[in-house]
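Colleague: So that you have it, the file is my_file.cif, and it contains mmCIF, C-alpha atoms and all ligand atoms:
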```
data_structure
#
loop_
_atom_site.group_PDB
_atom_site.id
_atom_site.type_symbol
_atom_site.label_atom_id
_atom_site.label_comp_id
_atom_site.auth_asym_id
_atom_site.auth_seq_id
_atom_site.Cartn_x
_atom_site.Cartn_y
_atom_site.Cartn_z
ATOM 1 C CA MET L 2 0.000 0.000 0.000
ATOM 2 C CA ILE L 3 1.276 3.429 -0.978
ATOM 3 C CA THR L 4 2.336 5.589 1.966
ATOM 4 C CA LYS L 5 0.568 8.766 3.023
ATOM 5 C CA GLU L 6 3.871 10.608 2.625
ATOM 6 C CA LEU L 7 4.180 9.603 -1.039
ATOM 7 C CA VAL L 8 0.544 10.489 -1.808
ATOM 8 C CA GLU L 9 1.166 13.891 -0.222
ATOM 9 C CA GLY L 10 4.266 14.321 -2.355
ATOM 10 C CA LEU L 11 2.298 13.489 -5.515
ATOM 11 C CA ASN L 12 -0.429 15.877 -4.426
ATOM 12 C CA ASP L 13 2.091 18.668 -3.785
ATOM 13 C CA GLN L 14 3.525 18.179 -7.234
ATOM 14 C CA MET L 15 0.037 18.242 -8.786
ATOM 15 C CA ASN L 16 -0.496 21.631 -7.165
ATOM 16 C CA TYR L 17 2.960 22.808 -8.219
ATOM 17 C CA GLU L 18 2.166 21.928 -11.850
ATOM 18 C CA PHE L 19 -1.036 23.992 -11.629
ATOM 19 C CA TYR L 20 1.028 26.776 -10.069
ATOM 20 C CA SER L 21 3.401 26.486 -13.045
ATOM 21 C CA ALA L 22 0.427 27.107 -15.358
ATOM 22 C CA HIS L 23 -0.316 30.194 -13.264
ATOM 23 C CA ALA L 24 3.310 31.380 -13.504
ATOM 24 C CA TYR L 25 3.362 30.990 -17.299
ATOM 25 C CA LEU L 26 0.043 32.802 -17.597
ATOM 26 C CA ALA L 27 1.667 35.732 -15.755
ATOM 27 C CA THR L 28 4.626 35.519 -18.155
ATOM 28 C CA ALA L 29 2.259 35.534 -21.155
ATOM 29 C CA ALA L 30 0.481 38.585 -19.726
ATOM 30 C CA TYR L 31 3.806 40.457 -19.504
ATOM 31 C CA CYS L 32 4.666 39.609 -23.135
ATOM 32 C CA SER L 33 1.206 40.601 -24.284
ATOM 33 C CA ALA L 34 1.321 43.929 -22.424
ATOM 34 C CA GLU L 35 4.679 44.671 -24.058
ATOM 35 C CA GLY L 36 3.201 43.961 -27.494
ATOM 36 C CA PHE L 37 5.039 40.678 -28.025
ATOM 37 C CA ASP L 38 2.013 38.614 -29.005
ATOM 38 C CA GLY L 39 4.072 35.757 -30.460
ATOM 39 C CA PHE L 40 5.944 35.220 -27.202
ATOM 40 C CA ALA L 41 2.630 35.565 -25.336
ATOM 41 C CA THR L 42 1.179 32.746 -27.486
ATOM 42 C CA PHE L 43 4.208 30.606 -26.681
ATOM 43 C CA PHE L 44 3.733 31.100 -22.925
ATOM 44 C CA LEU L 45 -0.031 30.526 -23.126
ATOM 45 C CA ALA L 46 0.671 27.163 -24.773
ATOM 46 C CA GLN L 47 3.207 26.464 -22.008
ATOM 47 C CA ALA L 48 0.539 27.253 -19.401
ATOM 48 C CA GLU L 49 -1.809 24.752 -21.069
ATOM 49 C CA GLU L 50 0.942 22.153 -21.043
ATOM 50 C CA GLU L 51 1.462 22.685 -17.304
ATOM 51 C CA ARG L 52 -2.242 22.228 -16.675
ATOM 52 C CA PHE L 53 -1.999 18.968 -18.612
ATOM 53 C CA HIS L 54 0.900 17.938 -16.328
ATOM 54 C CA GLY L 55 -1.194 18.799 -13.277
ATOM 55 C CA MET L 56 -4.048 16.668 -14.613
ATOM 56 C CA LYS L 57 -1.687 13.731 -15.131
ATOM 57 C CA PHE L 58 -0.949 13.834 -11.383
ATOM 58 C CA TYR L 59 -4.655 14.305 -10.601
ATOM 59 C CA ASN L 60 -5.591 11.226 -12.653
ATOM 60 C CA PHE L 61 -2.749 9.146 -11.229
ATOM 61 C CA ILE L 62 -3.757 9.979 -7.643
ATOM 62 C CA ASN L 63 -7.338 8.964 -8.509
ATOM 63 C CA ASP L 64 -6.105 5.744 -10.115
ATOM 64 C CA LEU L 65 -4.306 4.919 -6.868
ATOM 65 C CA GLY L 66 -7.687 5.099 -5.152
ATOM 66 C CA GLU L 67 -6.587 8.236 -3.303
ATOM 67 C CA ARG L 68 -8.094 11.699 -3.275
ATOM 68 C CA ALA L 69 -6.424 14.732 -4.813
ATOM 69 C CA THR L 70 -6.518 17.877 -2.677
ATOM 70 C CA VAL L 71 -6.421 21.186 -4.485
ATOM 71 C CA THR L 72 -4.690 23.916 -2.477
ATOM 72 C CA ASN L 73 -4.370 27.645 -2.936
ATOM 73 C CA MET L 74 -1.205 28.892 -4.549
ATOM 74 C CA PRO L 75 1.240 31.746 -4.125
ATOM 75 C CA THR L 76 1.109 34.780 -6.402
ATOM 76 C CA PRO L 77 3.541 34.062 -9.228
ATOM 77 C CA ASN L 78 6.196 36.523 -10.318
ATOM 78 C CA ASN L 79 4.680 39.262 -12.471
ATOM 79 C CA GLU L 80 7.812 41.385 -12.845
ATOM 80 C CA PHE L 81 10.055 40.970 -15.869
ATOM 81 C CA ASN L 82 12.729 43.251 -17.300
ATOM 82 C CA SER L 83 12.698 41.923 -20.841
ATOM 83 C CA VAL L 84 11.674 38.954 -22.988
ATOM 84 C CA LEU L 85 15.089 37.427 -22.297
ATOM 85 C CA ASP L 86 14.456 37.825 -18.568
ATOM 86 C CA SER L 87 11.101 36.035 -18.930
ATOM 87 C CA PHE L 88 12.857 33.060 -20.537
ATOM 88 C CA GLU L 89 15.628 33.069 -17.921
ATOM 89 C CA LYS L 90 13.039 33.033 -15.143
ATOM 90 C CA SER L 91 11.238 30.189 -16.942
ATOM 91 C CA LEU L 92 14.417 28.105 -17.047
ATOM 92 C CA LYS L 93 14.961 28.744 -13.336
ATOM 93 C CA HIS L 94 11.386 27.637 -12.704
ATOM 94 C CA GLU L 95 11.870 24.439 -14.718
ATOM 95 C CA LYS L 96 15.037 23.608 -12.765
ATOM 96 C CA GLU L 97 12.971 23.841 -9.593
ATOM 97 C CA VAL L 98 10.337 21.519 -11.125
ATOM 98 C CA THR L 99 13.094 19.035 -11.975
ATOM 99 C CA ARG L 100 14.470 19.203 -8.427
ATOM 100 C CA ARG L 101 11.007 18.432 -7.047
ATOM 101 C CA ILE L 102 10.375 15.562 -9.464
ATOM 102 C CA TYR L 103 13.757 13.999 -8.585
ATOM 103 C CA LYS L 104 12.977 14.270 -4.874
ATOM 104 C CA LEU L 105 9.646 12.558 -5.440
ATOM 105 C CA ALA L 106 11.274 9.867 -7.600
ATOM 106 C CA ASP L 107 13.848 9.239 -4.828
ATOM 107 C CA MET L 108 11.022 8.761 -2.346
ATOM 108 C CA ALA L 109 9.174 6.362 -4.683
ATOM 109 C CA MET L 110 12.401 4.416 -5.236
ATOM 110 C CA ASP L 111 13.155 4.193 -1.501
ATOM 111 C CA GLN L 112 9.654 2.847 -0.931
ATOM 112 C CA ARG L 113 9.866 0.399 -3.892
ATOM 113 C CA GLU L 114 6.727 1.934 -5.388
ATOM 114 C CA HIS L 115 7.265 0.693 -8.924
ATOM 115 C CA ALA L 116 4.027 2.060 -10.406
ATOM 116 C CA THR L 117 4.834 5.544 -9.104
ATOM 117 C CA MET L 118 8.419 5.255 -10.355
ATOM 118 C CA THR L 119 7.131 4.390 -13.843
ATOM 119 C CA PHE L 120 4.660 7.267 -13.698
ATOM 120 C CA LEU L 121 7.422 9.701 -12.661
ATOM 121 C CA ASN L 122 9.786 8.496 -15.383
ATOM 122 C CA TRP L 123 7.582 10.284 -17.913
ATOM 123 C CA PHE L 124 8.157 13.536 -16.012
ATOM 124 C CA ILE L 125 11.900 12.920 -15.686
ATOM 125 C CA GLU L 126 12.139 12.698 -19.489
ATOM 126 C CA GLU L 127 9.780 15.639 -19.917
ATOM 127 C CA GLN L 128 11.980 17.824 -17.692
ATOM 128 C CA VAL L 129 15.030 17.148 -19.875
ATOM 129 C CA GLU L 130 12.991 18.506 -22.782
ATOM 130 C CA GLU L 131 11.578 21.457 -20.830
ATOM 131 C CA GLU L 132 14.993 22.627 -19.657
ATOM 132 C CA ALA L 133 16.546 22.108 -23.103
ATOM 133 C CA THR L 134 13.789 24.161 -24.766
ATOM 134 C CA PHE L 135 14.304 27.156 -22.496
ATOM 135 C CA ASP L 136 18.078 26.842 -22.530
ATOM 136 C CA ASN L 137 18.074 26.823 -26.315
ATOM 137 C CA LEU L 138 15.730 29.818 -26.576
ATOM 138 C CA ILE L 139 17.844 31.802 -24.104
ATOM 139 C CA GLN L 140 20.927 31.139 -26.234
ATOM 140 C CA LYS L 141 19.049 32.280 -29.342
ATOM 141 C CA LEU L 142 17.760 35.433 -27.631
ATOM 142 C CA GLU L 143 21.245 36.295 -26.379
ATOM 143 C CA ARG L 144 22.706 35.804 -29.849
ATOM 144 C CA ILE L 145 20.157 38.066 -31.567
ATOM 145 C CA GLU L 146 20.075 40.710 -28.849
ATOM 146 C CA ASN L 147 20.937 43.573 -31.221
ATOM 147 C CA ASP L 148 19.262 42.186 -34.318
ATOM 148 C CA SER L 149 15.617 43.260 -34.332
ATOM 149 C CA ASN L 150 14.835 41.354 -37.545
ATOM 150 C CA ALA L 151 16.027 38.075 -36.075
ATOM 151 C CA PHE L 152 14.181 38.875 -32.848
ATOM 152 C CA TYR L 153 10.863 39.336 -34.677
ATOM 153 C CA MET L 154 11.489 36.223 -36.756
ATOM 154 C CA LEU L 155 11.959 34.206 -33.571
ATOM 155 C CA GLU L 156 8.825 35.748 -32.121
ATOM 156 C CA ALA L 157 6.844 34.828 -35.252
ATOM 157 C CA GLU L 158 8.168 31.269 -35.071
ATOM 158 C CA LEU L 159 7.222 30.862 -31.396
ATOM 159 C CA GLY L 160 3.856 32.469 -32.053
ATOM 160 C CA LYS L 161 2.918 29.368 -34.092
ATOM 161 C CA ARG L 162 3.086 27.189 -31.011
ATOM 162 C CA SER L 163 -0.065 25.471 -29.818
ATOM 163 C CA PHE L 164 -0.473 22.782 -27.242
ATOM 164 C CA ASP L 165 -1.765 19.365 -28.260
ATOM 165 C CA ALA L 166 -2.102 16.833 -25.453
ATOM 166 C CA ASN L 167 -1.845 13.999 -27.998
ATOM 167 C CA GLU L 168 1.685 15.056 -28.866
ATOM 168 C CA ASN L 169 2.751 14.810 -25.246
HETATM 169 FE FE1 LIG M 201 5.433 20.657 -15.762
HETATM 170 FE FE2 LIG M 201 7.308 22.641 -17.070
HETATM 171 O O1 LIG M 201 7.056 21.339 -15.779
#
```
Mind turning this structure into structure tokens?

Modeller:
Amino acid sequence: MITKELVEGLNDQMNYEFYSAHAYLATAAYCSAEGFDGFATFFLAQAEEERFHGMKFYNFINDLGERATVTNMPTPNNEFNSVLDSFEKSLKHEKEVTRRIYKLADMAMDQREHATMTFLNWFIEEQVEEEATFDNLIQKLERIENDSNAFYMLEAELGKRSFDANEN
């Protein structure tokens, strides 16, 4: 039988994923207010993806025969200095998500909870992708810092992003 401690850990991470959606919505709002609609679209899609992550935890907790508890969440950061800053803060956020997932995976491993370990493996792989995406975009933004054409081309490219749960 799964321990209360592990269920609580899964529940905390469910809420943290929903908080991540909140944080990316705030990031999208900044981009939108600054007139960067393409970057705003990118972050809105990211917010949807985080909600999808939260629902994966919600469904898993239900499948375990346990009850998910939805908590309130802190106000996310709403202050950004630039588009580059918004991506740097996103990478920092993703590193924190990774740290939390690893901690949870360590707990599942210690408790020999194989089903939970398998469930968390999906997130471990996902975090590699999440961090790589932001890392790559930060490098691009740094490279094109003084090239407004390249900046708007990148914005147009990211503005095509949409979230499709079937691709995840
Ligand atoms: Fe759900 Fe971006 O971590």

Colleague: Show me a table, sorted first by chain and then by increasing residue number, of the residues of chain L having an atom at most 6 Å from ligand LIG 201 (chain M), each with its shortest atom pair and the distance in Å to one decimal, counting all atoms listed in the file and written as CSV.

Modeller:
```
residue,atom,partner,partner_atom,distance
L:Glu18,CA,M:LIG201,FE1,5.3
L:Glu51,CA,M:LIG201,FE1,4.7
L:His54,CA,M:LIG201,FE1,5.3
L:Glu95,CA,M:LIG201,FE2,5.4
L:Val98,CA,M:LIG201,O1,5.7
L:Glu131,CA,M:LIG201,FE2,5.8
```

Colleague: For Met154 (chain L), which residue out of L:Gly10, L:Tyr20, L:Met108, L:Phe37 is the nearest one, using only C-alpha atoms?

Modeller: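 Nearest candidate to Met154 (chain L) out of L:Gly10, L:Tyr20, L:Met108, L:Phe37: L:Phe37.
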
Colleague: Counting all atoms listed in the file, which of L:Glu143, L:Ala116, L:Ser21, L:Asp111 gets nearest to Lys96 (chain L)?

Modeller: L:Ser21

Colleague: Considering all atoms listed in the file, state which residue in the set L:Asn122, L:Asn12, L:Thr42, L:Asn137 is at the smallest distance from Arg68 (chain L).

Modeller: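 For Arg68 (chain L), the nearest of the given residues is L:Asn12.
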
Colleague: Ranking L:Phe120, L:Glu35, L:His115, L:His23 by minimum distance to Asn60 (chain L) and counting all atoms listed in the file, which one comes first?

Modeller: L:Phe120

Colleague: Just want the 8 Å neighbourhood of Ile125 (chain L), counted on all atoms listed in the file, with same-chain residues fewer than 6 positions away dropped. Output as a list in words.

Modeller: Thr99, Ile102 and Tyr103 of chain L

Colleague: Using all atoms listed in the file, which protein or nucleic acid residues come within 12 Å of Phe19 (chain L)? Drop anything in the same chain fewer than 4 positions from it, and give the result as a PDB file with C-alpha atoms, in the frame of the given file.

Modeller:
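That gives us part_35.pdb:
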```pdb
ATOM      1  CA  ASN L  12      -0.429  15.877  -4.426  1.00  0.00           C
ATOM      2  CA  ASP L  13       2.091  18.668  -3.785  1.00  0.00           C
ATOM      3  CA  GLN L  14       3.525  18.179  -7.234  1.00  0.00           C
ATOM      4  CA  MET L  15       0.037  18.242  -8.786  1.00  0.00           C
ATOM      5  CA  HIS L  23      -0.316  30.194 -13.264  1.00  0.00           C
ATOM      6  CA  ALA L  24       3.310  31.380 -13.504  1.00  0.00           C
ATOM      7  CA  TYR L  25       3.362  30.990 -17.299  1.00  0.00           C
ATOM      8  CA  LEU L  26       0.043  32.802 -17.597  1.00  0.00           C
ATOM      9  CA  GLN L  47       3.207  26.464 -22.008  1.00  0.00           C
ATOM     10  CA  ALA L  48       0.539  27.253 -19.401  1.00  0.00           C
ATOM     11  CA  GLU L  49      -1.809  24.752 -21.069  1.00  0.00           C
ATOM     12  CA  GLU L  50       0.942  22.153 -21.043  1.00  0.00           C
ATOM     13  CA  GLU L  51       1.462  22.685 -17.304  1.00  0.00           C
ATOM     14  CA  ARG L  52      -2.242  22.228 -16.675  1.00  0.00           C
ATOM     15  CA  PHE L  53      -1.999  18.968 -18.612  1.00  0.00           C
ATOM     16  CA  HIS L  54       0.900  17.938 -16.328  1.00  0.00           C
ATOM     17  CA  GLY L  55      -1.194  18.799 -13.277  1.00  0.00           C
ATOM     18  CA  MET L  56      -4.048  16.668 -14.613  1.00  0.00           C
ATOM     19  CA  LYS L  57      -1.687  13.731 -15.131  1.00  0.00           C
ATOM     20  CA  PHE L  58      -0.949  13.834 -11.383  1.00  0.00           C
ATOM     21  CA  TYR L  59      -4.655  14.305 -10.601  1.00  0.00           C
ATOM     22  CA  VAL L  71      -6.421  21.186  -4.485  1.00  0.00           C
ATOM     23  CA  THR L  72      -4.690  23.916  -2.477  1.00  0.00           C
ATOM     24  CA  ASN L  73      -4.370  27.645  -2.936  1.00  0.00           C
ATOM     25  CA  MET L  74      -1.205  28.892  -4.549  1.00  0.00           C
ATOM     26  CA  PRO L  75       1.240  31.746  -4.125  1.00  0.00           C
ATOM     27  CA  PRO L  77       3.541  34.062  -9.228  1.00  0.00           C
ATOM     28  CA  VAL L  98      10.337  21.519 -11.125  1.00  0.00           C
TER      29      VAL L  98
END
```

Colleague: For Glu67 (chain L), find every residue with an atom within 8 Å (counting all atoms listed in the file), except residues of its own chain fewer than 4 positions away, and show them as a PyMOL selection string.

Modeller: chain L and resi 8+62-63

Colleague: Just how far from CA of Leu155 (chain L) is CA of Ala22 (chain L), in Å to one decimal?

Modeller: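 Value for the CA of Ala22 (chain L)-CA of Leu155 (chain L) distance: 22.7 Å.
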